[in-house]
Amino acid sequence: MAGLATDQEVRELIAAMAQYPEIKAAADAAQLDMERYIQMQAVPPPAIVKDRIFQIVDNEGVETAVPVSGSSSSAPASLYEDAYADEEKSARVISAARKWQWVAAAAIAGLITSVAFNVTYLNSSKEWKGKYEALLVDQTKVLAQSEVYQTKMKQSDDMLAMMRNPDVKAVRMFTASKDRPNLLATVFWNPKTKDVMLTVNNLPEPSADQQYQLWAIVNGVPVDAGVFEMGDTAKGFQKMKAIEGAQMFAVTLEKKGGSPTPTLTAMYVAGKVSS
């Protein structure tokens, strides 16, 4: 840029122009503006200077008479003095114009550098914004997982506290049919508080339209103790409906959402409450 930039700055500008079309467009526009500005500031030489130059060319090689003091030849000397004065004035104007050309070149170079910086900063800003949004997503996932773990820990603490209670009875429910061997689920029931907790040891995963349901047998009548989940949820403890005066517990496979009465042919496990 008019010799104002270092070689390193020129190389960086050329690289930026090759990488970013916006910078190239700005550089081309700036160069065009500079050319227009220089043309506007160009000062043509005075006409008298032009005439003097042609007169010197025409009289080249001809002896010039030295005028006598006080003679009428003083008029040409005055003419030359005026010409020199006009030349000096023209030189000052041209010098001032050149100074403004340097100022304009420096301003345009600064503008292009600013555009290059802004484009680079914008791209960098977009990159960091994407990283920040990705971190927010990861943070949300971590917080959700943390809430799940906290819930499971609370359930485990409640279960441990319940198991330490001497009033709690552990009811192990074994396979209820020879067609479905090696099944097991356990109920922890507190007859005084009526609280019921269930953990699945081994039950097959039901179809999407079916769900397991826990029943308490109270004086020979099945009482709904609620449906429960399988999968990861079944690995922990699930709180069921409160039950009073149970003699047995059993699990049947029902339609999703449960049934008002148990399907006895779909009983998977059952167990008696110890006295």
# chains A, B, ... in the order shown; residues from 1 in each chain; ligands from 1
$ closest_atom_pairs --of "segment 128-209 of chain A" --to "segment 234-247 of chain A" --cutoff "6 Å" --atoms "only C-alpha atoms" --output "JSON lines"
{"residue": "A:Lys194", "atom": "CA", "partner": "A:Ala242", "partner_atom": "CA", "distance": 5.0}
{"residue": "A:Asp195", "atom": "CA", "partner": "A:Ala242", "partner_atom": "CA", "distance": 5.1}
{"residue": "A:Val196", "atom": "CA", "partner": "A:Met240", "partner_atom": "CA", "distance": 5.4}
{"residue": "A:Met197", "atom": "CA", "partner": "A:Lys239", "partner_atom": "CA", "distance": 4.6}
{"residue": "A:Leu198", "atom": "CA", "partner": "A:Gln238", "partner_atom": "CA", "distance": 5.2}
{"residue": "A:Thr199", "atom": "CA", "partner": "A:Phe237", "partner_atom": "CA", "distance": 4.9}
{"residue": "A:Val200", "atom": "CA", "partner": "A:Ala234", "partner_atom": "CA", "distance": 5.6}
$ write_last_selection --atoms "all heavy atoms" --output "short mmCIF file (atom, residue, chain, number, x, y, z; two decimals), in the first residue's frame"
data_model
loop_
_atom_site.label_atom_id
_atom_site.label_comp_id
_atom_site.auth_asym_id
_atom_site.auth_seq_id
_atom_site.Cartn_x
_atom_site.Cartn_y
_atom_site.Cartn_z
N LYS A 194 -47.25 -49.05 56.42
CA LYS A 194 -47.91 -49.50 55.20
C LYS A 194 -47.08 -49.24 53.94
O LYS A 194 -47.56 -49.40 52.82
CB LYS A 194 -49.29 -48.85 55.04
CG LYS A 194 -50.20 -49.04 56.24
CD LYS A 194 -51.50 -48.26 56.07
CE LYS A 194 -52.35 -48.33 57.33
NZ LYS A 194 -53.60 -47.55 57.19
N ASP A 195 -45.83 -48.77 54.11
CA ASP A 195 -44.96 -48.48 52.95
C ASP A 195 -44.54 -49.78 52.27
O ASP A 195 -44.25 -50.79 52.93
CB ASP A 195 -43.71 -47.73 53.40
CG ASP A 195 -44.04 -46.32 53.87
OD1 ASP A 195 -45.06 -45.77 53.41
OD2 ASP A 195 -43.29 -45.78 54.70
N VAL A 196 -44.50 -49.71 50.92
CA VAL A 196 -44.10 -50.87 50.12
C VAL A 196 -43.04 -50.41 49.11
O VAL A 196 -43.24 -49.45 48.37
CB VAL A 196 -45.29 -51.48 49.37
CG1 VAL A 196 -44.82 -52.63 48.48
CG2 VAL A 196 -46.35 -51.96 50.34
N MET A 197 -41.91 -51.14 49.10
CA MET A 197 -40.85 -50.91 48.12
C MET A 197 -40.63 -52.21 47.36
O MET A 197 -40.67 -53.30 47.94
CB MET A 197 -39.56 -50.48 48.80
CG MET A 197 -39.66 -49.16 49.56
SD MET A 197 -39.78 -47.71 48.49
CE MET A 197 -38.13 -47.66 47.86
N LEU A 198 -40.37 -52.09 46.05
CA LEU A 198 -40.19 -53.27 45.21
C LEU A 198 -38.86 -53.18 44.45
O LEU A 198 -38.51 -52.13 43.95
CB LEU A 198 -41.34 -53.37 44.19
CG LEU A 198 -41.18 -54.42 43.09
CD1 LEU A 198 -41.33 -55.83 43.67
CD2 LEU A 198 -42.18 -54.18 41.98
N THR A 199 -38.16 -54.30 44.36
CA THR A 199 -36.98 -54.40 43.50
C THR A 199 -37.10 -55.66 42.66
O THR A 199 -37.51 -56.72 43.17
CB THR A 199 -35.67 -54.42 44.32
OG1 THR A 199 -34.57 -54.49 43.42
CG2 THR A 199 -35.62 -55.59 45.27
N VAL A 200 -36.79 -55.54 41.37
CA VAL A 200 -36.90 -56.68 40.45
C VAL A 200 -35.54 -57.35 40.36
O VAL A 200 -34.54 -56.73 39.96
CB VAL A 200 -37.35 -56.21 39.05
CG1 VAL A 200 -37.35 -57.37 38.08
CG2 VAL A 200 -38.73 -55.56 39.14
#
$ residues_around --residues "segment 267-272 of chain A" --least-positions-apart "6" --cutoff "8 Å" --atoms "only C-alpha atoms" --output "PDB file with all heavy atoms, in the first residue's frame"
ATOM      1  N   VAL A 171     -40.242 -59.772  51.539  1.00  0.00           N
ATOM      2  CA  VAL A 171     -41.046 -60.844  50.937  1.00  0.00           C
ATOM      3  C   VAL A 171     -40.430 -61.180  49.576  1.00  0.00           C
ATOM      4  O   VAL A 171     -40.508 -60.390  48.637  1.00  0.00           O
ATOM      5  CB  VAL A 171     -42.517 -60.413  50.762  1.00  0.00           C
ATOM      6  CG1 VAL A 171     -43.329 -61.556  50.187  1.00  0.00           C
ATOM      7  CG2 VAL A 171     -43.087 -59.932  52.095  1.00  0.00           C
ATOM      8  N   ARG A 172     -39.838 -62.368  49.514  1.00  0.00           N
ATOM      9  CA  ARG A 172     -39.223 -62.804  48.256  1.00  0.00           C
ATOM     10  C   ARG A 172     -40.273 -63.550  47.439  1.00  0.00           C
ATOM     11  O   ARG A 172     -40.858 -64.531  47.898  1.00  0.00           O
ATOM     12  CB  ARG A 172     -38.010 -63.696  48.537  1.00  0.00           C
ATOM     13  CG  ARG A 172     -36.890 -62.936  49.256  1.00  0.00           C
ATOM     14  CD  ARG A 172     -35.739 -63.845  49.656  1.00  0.00           C
ATOM     15  NE  ARG A 172     -35.013 -64.374  48.511  1.00  0.00           N
ATOM     16  CZ  ARG A 172     -34.070 -63.720  47.840  1.00  0.00           C
ATOM     17  NH1 ARG A 172     -33.745 -62.483  48.202  1.00  0.00           N
ATOM     18  NH2 ARG A 172     -33.452 -64.277  46.824  1.00  0.00           N
ATOM     19  N   MET A 173     -40.517 -63.094  46.226  1.00  0.00           N
ATOM     20  CA  MET A 173     -41.523 -63.687  45.353  1.00  0.00           C
ATOM     21  C   MET A 173     -40.816 -64.509  44.268  1.00  0.00           C
ATOM     22  O   MET A 173     -40.048 -63.968  43.469  1.00  0.00           O
ATOM     23  CB  MET A 173     -42.382 -62.590  44.704  1.00  0.00           C
ATOM     24  CG  MET A 173     -43.150 -61.739  45.719  1.00  0.00           C
ATOM     25  SD  MET A 173     -44.156 -60.426  44.931  1.00  0.00           S
ATOM     26  CE  MET A 173     -42.871 -59.369  44.289  1.00  0.00           C
ATOM     27  N   PHE A 174     -41.079 -65.824  44.285  1.00  0.00           N
ATOM     28  CA  PHE A 174     -40.421 -66.732  43.352  1.00  0.00           C
ATOM     29  C   PHE A 174     -41.351 -67.069  42.186  1.00  0.00           C
ATOM     30  O   PHE A 174     -42.519 -66.674  42.153  1.00  0.00           O
ATOM     31  CB  PHE A 174     -40.014 -68.016  44.093  1.00  0.00           C
ATOM     32  CG  PHE A 174     -38.996 -67.771  45.186  1.00  0.00           C
ATOM     33  CD1 PHE A 174     -39.412 -67.610  46.514  1.00  0.00           C
ATOM     34  CD2 PHE A 174     -37.650 -67.694  44.899  1.00  0.00           C
ATOM     35  CE1 PHE A 174     -38.499 -67.395  47.519  1.00  0.00           C
ATOM     36  CE2 PHE A 174     -36.725 -67.473  45.906  1.00  0.00           C
ATOM     37  CZ  PHE A 174     -37.145 -67.323  47.233  1.00  0.00           C
ATOM     38  N   THR A 175     -40.817 -67.853  41.255  1.00  0.00           N
ATOM     39  CA  THR A 175     -41.563 -68.265  40.070  1.00  0.00           C
ATOM     40  C   THR A 175     -42.891 -68.899  40.438  1.00  0.00           C
ATOM     41  O   THR A 175     -42.960 -69.789  41.293  1.00  0.00           O
ATOM     42  CB  THR A 175     -40.730 -69.263  39.253  1.00  0.00           C
ATOM     43  OG1 THR A 175     -39.511 -68.630  38.837  1.00  0.00           O
ATOM     44  CG2 THR A 175     -41.491 -69.710  38.028  1.00  0.00           C
ATOM     45  N   ALA A 176     -43.939 -68.443  39.792  1.00  0.00           N
ATOM     46  CA  ALA A 176     -45.282 -68.966  40.075  1.00  0.00           C
ATOM     47  C   ALA A 176     -45.700 -70.043  39.085  1.00  0.00           C
ATOM     48  O   ALA A 176     -46.741 -70.677  39.275  1.00  0.00           O
ATOM     49  CB  ALA A 176     -46.296 -67.831  40.049  1.00  0.00           C
ATOM     50  N   SER A 177     -44.926 -70.247  38.031  1.00  0.00           N
ATOM     51  CA  SER A 177     -45.272 -71.247  37.021  1.00  0.00           C
ATOM     52  C   SER A 177     -44.015 -71.961  36.559  1.00  0.00           C
ATOM     53  O   SER A 177     -42.955 -71.330  36.389  1.00  0.00           O
ATOM     54  CB  SER A 177     -45.974 -70.585  35.824  1.00  0.00           C
ATOM     55  OG  SER A 177     -46.154 -71.514  34.778  1.00  0.00           O
ATOM     56  N   ARG A 180     -42.176 -70.685  33.496  1.00  0.00           N
ATOM     57  CA  ARG A 180     -41.321 -69.502  33.579  1.00  0.00           C
ATOM     58  C   ARG A 180     -40.400 -69.657  34.793  1.00  0.00           C
ATOM     59  O   ARG A 180     -40.640 -69.070  35.846  1.00  0.00           O
ATOM     60  CB  ARG A 180     -42.183 -68.237  33.708  1.00  0.00           C
ATOM     61  CG  ARG A 180     -43.036 -67.934  32.472  1.00  0.00           C
ATOM     62  CD  ARG A 180     -43.829 -66.654  32.627  1.00  0.00           C
ATOM     63  NE  ARG A 180     -44.971 -66.842  33.525  1.00  0.00           N
ATOM     64  CZ  ARG A 180     -46.197 -67.172  33.119  1.00  0.00           C
ATOM     65  NH1 ARG A 180     -46.447 -67.385  31.825  1.00  0.00           N
ATOM     66  NH2 ARG A 180     -47.188 -67.310  33.991  1.00  0.00           N
ATOM     67  N   LEU A 183     -37.450 -66.998  38.051  1.00  0.00           N
ATOM     68  CA  LEU A 183     -37.853 -65.595  38.167  1.00  0.00           C
ATOM     69  C   LEU A 183     -37.846 -65.193  39.636  1.00  0.00           C
ATOM     70  O   LEU A 183     -38.109 -66.002  40.527  1.00  0.00           O
ATOM     71  CB  LEU A 183     -39.242 -65.382  37.567  1.00  0.00           C
ATOM     72  CG  LEU A 183     -39.413 -65.770  36.085  1.00  0.00           C
ATOM     73  CD1 LEU A 183     -40.825 -65.442  35.614  1.00  0.00           C
ATOM     74  CD2 LEU A 183     -38.379 -65.093  35.224  1.00  0.00           C
ATOM     75  N   LEU A 184     -37.572 -63.906  39.890  1.00  0.00           N
ATOM     76  CA  LEU A 184     -37.507 -63.453  41.275  1.00  0.00           C
ATOM     77  C   LEU A 184     -37.709 -61.944  41.357  1.00  0.00           C
ATOM     78  O   LEU A 184     -37.178 -61.184  40.569  1.00  0.00           O
ATOM     79  CB  LEU A 184     -36.154 -63.815  41.889  1.00  0.00           C
ATOM     80  CG  LEU A 184     -35.901 -63.356  43.340  1.00  0.00           C
ATOM     81  CD1 LEU A 184     -36.891 -64.021  44.298  1.00  0.00           C
ATOM     82  CD2 LEU A 184     -34.473 -63.657  43.750  1.00  0.00           C
ATOM     83  N   ALA A 185     -38.502 -61.524  42.363  1.00  0.00           N
ATOM     84  CA  ALA A 185     -38.672 -60.110  42.713  1.00  0.00           C
ATOM     85  C   ALA A 185     -38.886 -60.050  44.216  1.00  0.00           C
ATOM     86  O   ALA A 185     -39.368 -61.006  44.830  1.00  0.00           O
ATOM     87  CB  ALA A 185     -39.856 -59.501  41.971  1.00  0.00           C
ATOM     88  N   GLN A 247     -51.142 -60.690  53.380  1.00  0.00           N
ATOM     89  CA  GLN A 247     -50.626 -62.024  53.699  1.00  0.00           C
ATOM     90  C   GLN A 247     -49.704 -62.553  52.585  1.00  0.00           C
ATOM     91  O   GLN A 247     -48.871 -63.421  52.850  1.00  0.00           O
ATOM     92  CB  GLN A 247     -51.764 -63.027  53.897  1.00  0.00           C
ATOM     93  CG  GLN A 247     -52.590 -62.815  55.176  1.00  0.00           C
ATOM     94  CD  GLN A 247     -53.719 -61.829  54.961  1.00  0.00           C
ATOM     95  OE1 GLN A 247     -54.385 -61.821  53.909  1.00  0.00           O
ATOM     96  NE2 GLN A 247     -53.942 -60.966  55.946  1.00  0.00           N
ATOM     97  N   MET A 248     -49.888 -62.020  51.371  1.00  0.00           N
ATOM     98  CA  MET A 248     -49.075 -62.430  50.235  1.00  0.00           C
ATOM     99  C   MET A 248     -48.884 -61.244  49.281  1.00  0.00           C
ATOM    100  O   MET A 248     -49.657 -60.265  49.339  1.00  0.00           O
ATOM    101  CB  MET A 248     -49.743 -63.573  49.447  1.00  0.00           C
ATOM    102  CG  MET A 248     -49.704 -64.929  50.090  1.00  0.00           C
ATOM    103  SD  MET A 248     -50.366 -66.207  48.961  1.00  0.00           S
ATOM    104  CE  MET A 248     -49.192 -66.104  47.609  1.00  0.00           C
ATOM    105  N   PHE A 249     -47.889 -61.420  48.436  1.00  0.00           N
ATOM    106  CA  PHE A 249     -47.686 -60.477  47.328  1.00  0.00           C
ATOM    107  C   PHE A 249     -47.454 -61.284  46.046  1.00  0.00           C
ATOM    108  O   PHE A 249     -46.881 -62.385  46.102  1.00  0.00           O
ATOM    109  CB  PHE A 249     -46.485 -59.557  47.576  1.00  0.00           C
ATOM    110  CG  PHE A 249     -46.740 -58.477  48.595  1.00  0.00           C
ATOM    111  CD1 PHE A 249     -46.381 -58.662  49.931  1.00  0.00           C
ATOM    112  CD2 PHE A 249     -47.331 -57.273  48.216  1.00  0.00           C
ATOM    113  CE1 PHE A 249     -46.618 -57.678  50.865  1.00  0.00           C
ATOM    114  CE2 PHE A 249     -47.568 -56.282  49.162  1.00  0.00           C
ATOM    115  CZ  PHE A 249     -47.221 -56.466  50.486  1.00  0.00           C
ATOM    116  N   ALA A 250     -47.920 -60.758  44.926  1.00  0.00           N
ATOM    117  CA  ALA A 250     -47.762 -61.454  43.649  1.00  0.00           C
ATOM    118  C   ALA A 250     -47.636 -60.427  42.523  1.00  0.00           C
ATOM    119  O   ALA A 250     -48.054 -59.260  42.652  1.00  0.00           O
ATOM    120  CB  ALA A 250     -48.941 -62.381  43.382  1.00  0.00           C
ATOM    121  N   VAL A 251     -47.069 -60.882  41.400  1.00  0.00           N
ATOM    122  CA  VAL A 251     -46.894 -60.016  40.216  1.00  0.00           C
ATOM    123  C   VAL A 251     -47.518 -60.713  39.011  1.00  0.00           C
ATOM    124  O   VAL A 251     -47.249 -61.881  38.742  1.00  0.00           O
ATOM    125  CB  VAL A 251     -45.402 -59.750  39.943  1.00  0.00           C
ATOM    126  CG1 VAL A 251     -45.233 -59.022  38.602  1.00  0.00           C
ATOM    127  CG2 VAL A 251     -44.792 -58.925  41.063  1.00  0.00           C
ATOM    128  N   THR A 252     -48.354 -59.972  38.302  1.00  0.00           N
ATOM    129  CA  THR A 252     -48.950 -60.471  37.065  1.00  0.00           C
ATOM    130  C   THR A 252     -48.586 -59.547  35.908  1.00  0.00           C
ATOM    131  O   THR A 252     -48.236 -58.374  36.123  1.00  0.00           O
ATOM    132  CB  THR A 252     -50.481 -60.550  37.163  1.00  0.00           C
ATOM    133  OG1 THR A 252     -51.000 -59.232  37.386  1.00  0.00           O
ATOM    134  CG2 THR A 252     -50.909 -61.475  38.289  1.00  0.00           C
ATOM    135  N   LEU A 253     -48.696 -60.086  34.688  1.00  0.00           N
ATOM    136  CA  LEU A 253     -48.443 -59.287  33.491  1.00  0.00           C
ATOM    137  C   LEU A 253     -49.783 -58.863  32.900  1.00  0.00           C
ATOM    138  O   LEU A 253     -50.583 -59.708  32.482  1.00  0.00           O
ATOM    139  CB  LEU A 253     -47.635 -60.086  32.466  1.00  0.00           C
ATOM    140  CG  LEU A 253     -47.224 -59.325  31.198  1.00  0.00           C
ATOM    141  CD1 LEU A 253     -46.349 -58.125  31.544  1.00  0.00           C
ATOM    142  CD2 LEU A 253     -46.503 -60.254  30.227  1.00  0.00           C
TER     143      LEU A 253
END
$ closest_residue --among "A:Ala208, A:Asp167, A:Thr233, A:Ile23" --to "Thr193 of chain A" --atoms "only C-alpha atoms"
A:Asp167
$ atom_distance --atom1 "atom CA of Thr151 of chain A" --atom2 "atom CA of Gly257 of chain A"
23.2 Å
$ residues_around --residues "Pro260 of chain A" --least-positions-apart "5" --cutoff "12 Å" --atoms "only C-alpha atoms" --output "ChimeraX atom specification"
/A:213-215,222-227,252,254-255
$ write_last_selection --atoms "C-alpha atoms" --output "short mmCIF file (atom, residue, chain, number, x, y, z; two decimals), in the first residue's frame"
data_model
loop_
_atom_site.label_atom_id
_atom_site.label_comp_id
_atom_site.auth_asym_id
_atom_site.auth_seq_id
_atom_site.Cartn_x
_atom_site.Cartn_y
_atom_site.Cartn_z
CA GLN A 213 -48.55 -55.13 38.19
CA LEU A 214 -48.00 -55.83 41.89
CA TRP A 215 -50.82 -57.29 43.98
CA PRO A 222 -56.18 -59.24 45.60
CA VAL A 223 -55.50 -55.54 46.18
CA ASP A 224 -53.84 -53.39 43.54
CA ALA A 225 -50.38 -52.23 44.68
CA GLY A 226 -49.57 -50.46 41.39
CA VAL A 227 -47.76 -51.09 38.12
CA THR A 252 -48.95 -60.47 37.06
CA GLU A 254 -51.29 -57.01 32.42
CA LYS A 255 -52.11 -54.56 29.66
#
$ atom_distance --atom1 "atom CA of Trp189 of chain A" --atom2 "atom CA of Val168 of chain A"
5.5 Å
$ decode --residues "segment 197-235 of chain A" --atoms "N, CA and C atoms" --output "JSON list (two decimals), in the first residue's frame"
[["chain", "number", "residue", "atom", "x", "y", "z"],
["A", 197, "MET", "N", -41.91, -51.14, 49.10],
["A", 197, "MET", "CA", -40.85, -50.91, 48.12],
["A", 197, "MET", "C", -40.63, -52.21, 47.36],
["A", 198, "LEU", "N", -40.37, -52.09, 46.05],
["A", 198, "LEU", "CA", -40.19, -53.27, 45.21],
["A", 198, "LEU", "C", -38.86, -53.18, 44.45],
["A", 199, "THR", "N", -38.16, -54.30, 44.36],
["A", 199, "THR", "CA", -36.98, -54.40, 43.50],
["A", 199, "THR", "C", -37.10, -55.66, 42.66],
["A", 200, "VAL", "N", -36.79, -55.54, 41.37],
["A", 200, "VAL", "CA", -36.90, -56.68, 40.45],
["A", 200, "VAL", "C", -35.54, -57.35, 40.36],
["A", 201, "ASN", "N", -35.50, -58.64, 40.70],
["A", 201, "ASN", "CA", -34.27, -59.41, 40.59],
["A", 201, "ASN", "C", -34.13, -60.06, 39.21],
["A", 202, "ASN", "N", -35.24, -60.66, 38.74],
["A", 202, "ASN", "CA", -35.19, -61.31, 37.43],
["A", 202, "ASN", "C", -36.61, -61.47, 36.88],
["A", 203, "LEU", "N", -36.95, -60.62, 35.94],
["A", 203, "LEU", "CA", -38.23, -60.71, 35.23],
["A", 203, "LEU", "C", -37.97, -60.40, 33.76],
["A", 204, "PRO", "N", -38.61, -61.12, 32.84],
["A", 204, "PRO", "CA", -38.41, -60.84, 31.42],
["A", 204, "PRO", "C", -39.03, -59.50, 31.03],
["A", 205, "GLU", "N", -38.42, -58.84, 30.06],
["A", 205, "GLU", "CA", -38.92, -57.54, 29.60],
["A", 205, "GLU", "C", -40.25, -57.75, 28.86],
["A", 206, "PRO", "N", -41.32, -57.04, 29.24],
["A", 206, "PRO", "CA", -42.62, -57.22, 28.59],
["A", 206, "PRO", "C", -42.67, -56.51, 27.24],
["A", 207, "SER", "N", -43.70, -56.77, 26.47],
["A", 207, "SER", "CA", -43.89, -56.07, 25.20],
["A", 207, "SER", "C", -44.32, -54.63, 25.48],
["A", 208, "ALA", "N", -44.30, -53.80, 24.43],
["A", 208, "ALA", "CA", -44.57, -52.37, 24.60],
["A", 208, "ALA", "C", -45.98, -52.09, 25.10],
["A", 209, "ASP", "N", -46.94, -52.98, 24.83],
["A", 209, "ASP", "CA", -48.33, -52.74, 25.23],
["A", 209, "ASP", "C", -48.70, -53.45, 26.52],
["A", 210, "GLN", "N", -47.68, -53.96, 27.26],
["A", 210, "GLN", "CA", -47.94, -54.68, 28.51],
["A", 210, "GLN", "C", -47.09, -54.09, 29.64],
["A", 211, "GLN", "N", -47.52, -54.40, 30.88],
["A", 211, "GLN", "CA", -46.83, -53.87, 32.05],
["A", 211, "GLN", "C", -47.07, -54.80, 33.24],
["A", 212, "TYR", "N", -46.04, -54.94, 34.07],
["A", 212, "TYR", "CA", -46.18, -55.76, 35.27],
["A", 212, "TYR", "C", -46.96, -54.98, 36.34],
["A", 213, "GLN", "N", -47.74, -55.73, 37.14],
["A", 213, "GLN", "CA", -48.55, -55.13, 38.19],
["A", 213, "GLN", "C", -48.38, -55.93, 39.48],
["A", 214, "LEU", "N", -48.17, -55.19, 40.58],
["A", 214, "LEU", "CA", -48.00, -55.83, 41.89],
["A", 214, "LEU", "C", -49.34, -55.91, 42.60],
["A", 215, "TRP", "N", -49.58, -57.07, 43.24],
["A", 215, "TRP", "CA", -50.82, -57.29, 43.98],
["A", 215, "TRP", "C", -50.48, -57.72, 45.40],
["A", 216, "ALA", "N", -51.31, -57.24, 46.34],
["A", 216, "ALA", "CA", -51.23, -57.72, 47.73],
["A", 216, "ALA", "C", -52.48, -58.55, 47.99],
["A", 217, "ILE", "N", -52.30, -59.70, 48.55],
["A", 217, "ILE", "CA", -53.45, -60.57, 48.89],
["A", 217, "ILE", "C", -53.81, -60.29, 50.35],
["A", 218, "VAL", "N", -54.96, -59.64, 50.53],
["A", 218, "VAL", "CA", -55.42, -59.26, 51.86],
["A", 218, "VAL", "C", -56.70, -60.04, 52.16],
["A", 219, "ASN", "N", -56.60, -60.99, 53.12],
["A", 219, "ASN", "CA", -57.74, -61.84, 53.49],
["A", 219, "ASN", "C", -58.33, -62.53, 52.27],
["A", 220, "GLY", "N", -57.43, -63.00, 51.40],
["A", 220, "GLY", "CA", -57.84, -63.76, 50.22],
["A", 220, "GLY", "C", -58.29, -62.91, 49.04],
["A", 221, "VAL", "N", -58.25, -61.59, 49.17],
["A", 221, "VAL", "CA", -58.71, -60.70, 48.09],
["A", 221, "VAL", "C", -57.49, -59.95, 47.52],
["A", 222, "PRO", "N", -57.30, -59.98, 46.19],
["A", 222, "PRO", "CA", -56.18, -59.24, 45.60],
["A", 222, "PRO", "C", -56.42, -57.72, 45.63],
["A", 223, "VAL", "N", -55.43, -56.99, 46.10],
["A", 223, "VAL", "CA", -55.50, -55.54, 46.18],
["A", 223, "VAL", "C", -54.40, -54.94, 45.30],
["A", 224, "ASP", "N", -54.80, -54.00, 44.47],
["A", 224, "ASP", "CA", -53.84, -53.39, 43.54],
["A", 224, "ASP", "C", -52.78, -52.60, 44.32],
["A", 225, "ALA", "N", -51.51, -52.95, 44.06],
["A", 225, "ALA", "CA", -50.38, -52.23, 44.68],
["A", 225, "ALA", "C", -49.63, -51.39, 43.66],
["A", 226, "GLY", "N", -50.16, -51.34, 42.41],
["A", 226, "GLY", "CA", -49.57, -50.46, 41.39],
["A", 226, "GLY", "C", -48.75, -51.19, 40.35],
["A", 227, "VAL", "N", -48.62, -50.56, 39.18],
["A", 227, "VAL", "CA", -47.76, -51.09, 38.12],
["A", 227, "VAL", "C", -46.34, -50.55, 38.33],
["A", 228, "PHE", "N", -45.37, -51.21, 37.74],
["A", 228, "PHE", "CA", -43.98, -50.76, 37.89],
["A", 228, "PHE", "C", -43.24, -50.88, 36.57],
["A", 229, "GLU", "N", -42.11, -50.18, 36.52],
["A", 229, "GLU", "CA", -41.32, -50.08, 35.29],
["A", 229, "GLU", "C", -40.25, -51.15, 35.25],
["A", 230, "MET", "N", -39.75, -51.39, 34.02],
["A", 230, "MET", "CA", -38.64, -52.32, 33.83],
["A", 230, "MET", "C", -37.44, -51.51, 33.28],
["A", 231, "GLY", "N", -36.49, -52.20, 32.68],
["A", 231, "GLY", "CA", -35.31, -51.51, 32.16],
["A", 231, "GLY", "C", -34.41, -51.03, 33.29],
["A", 232, "ASP", "N", -33.80, -49.86, 33.11],
["A", 232, "ASP", "CA", -32.87, -49.32, 34.11],
["A", 232, "ASP", "C", -33.58, -49.03, 35.42],
["A", 233, "THR", "N", -34.85, -48.62, 35.32],
["A", 233, "THR", "CA", -35.61, -48.30, 36.54],
["A", 233, "THR", "C", -35.75, -49.53, 37.43],
["A", 234, "ALA", "N", -35.89, -50.71, 36.83],
["A", 234, "ALA", "CA", -36.09, -51.95, 37.59],
["A", 234, "ALA", "C", -34.85, -52.35, 38.38],
["A", 235, "LYS", "N", -33.69, -51.76, 38.02],
["A", 235, "LYS", "CA", -32.46, -52.11, 38.73],
["A", 235, "LYS", "C", -32.40, -51.49, 40.12]]
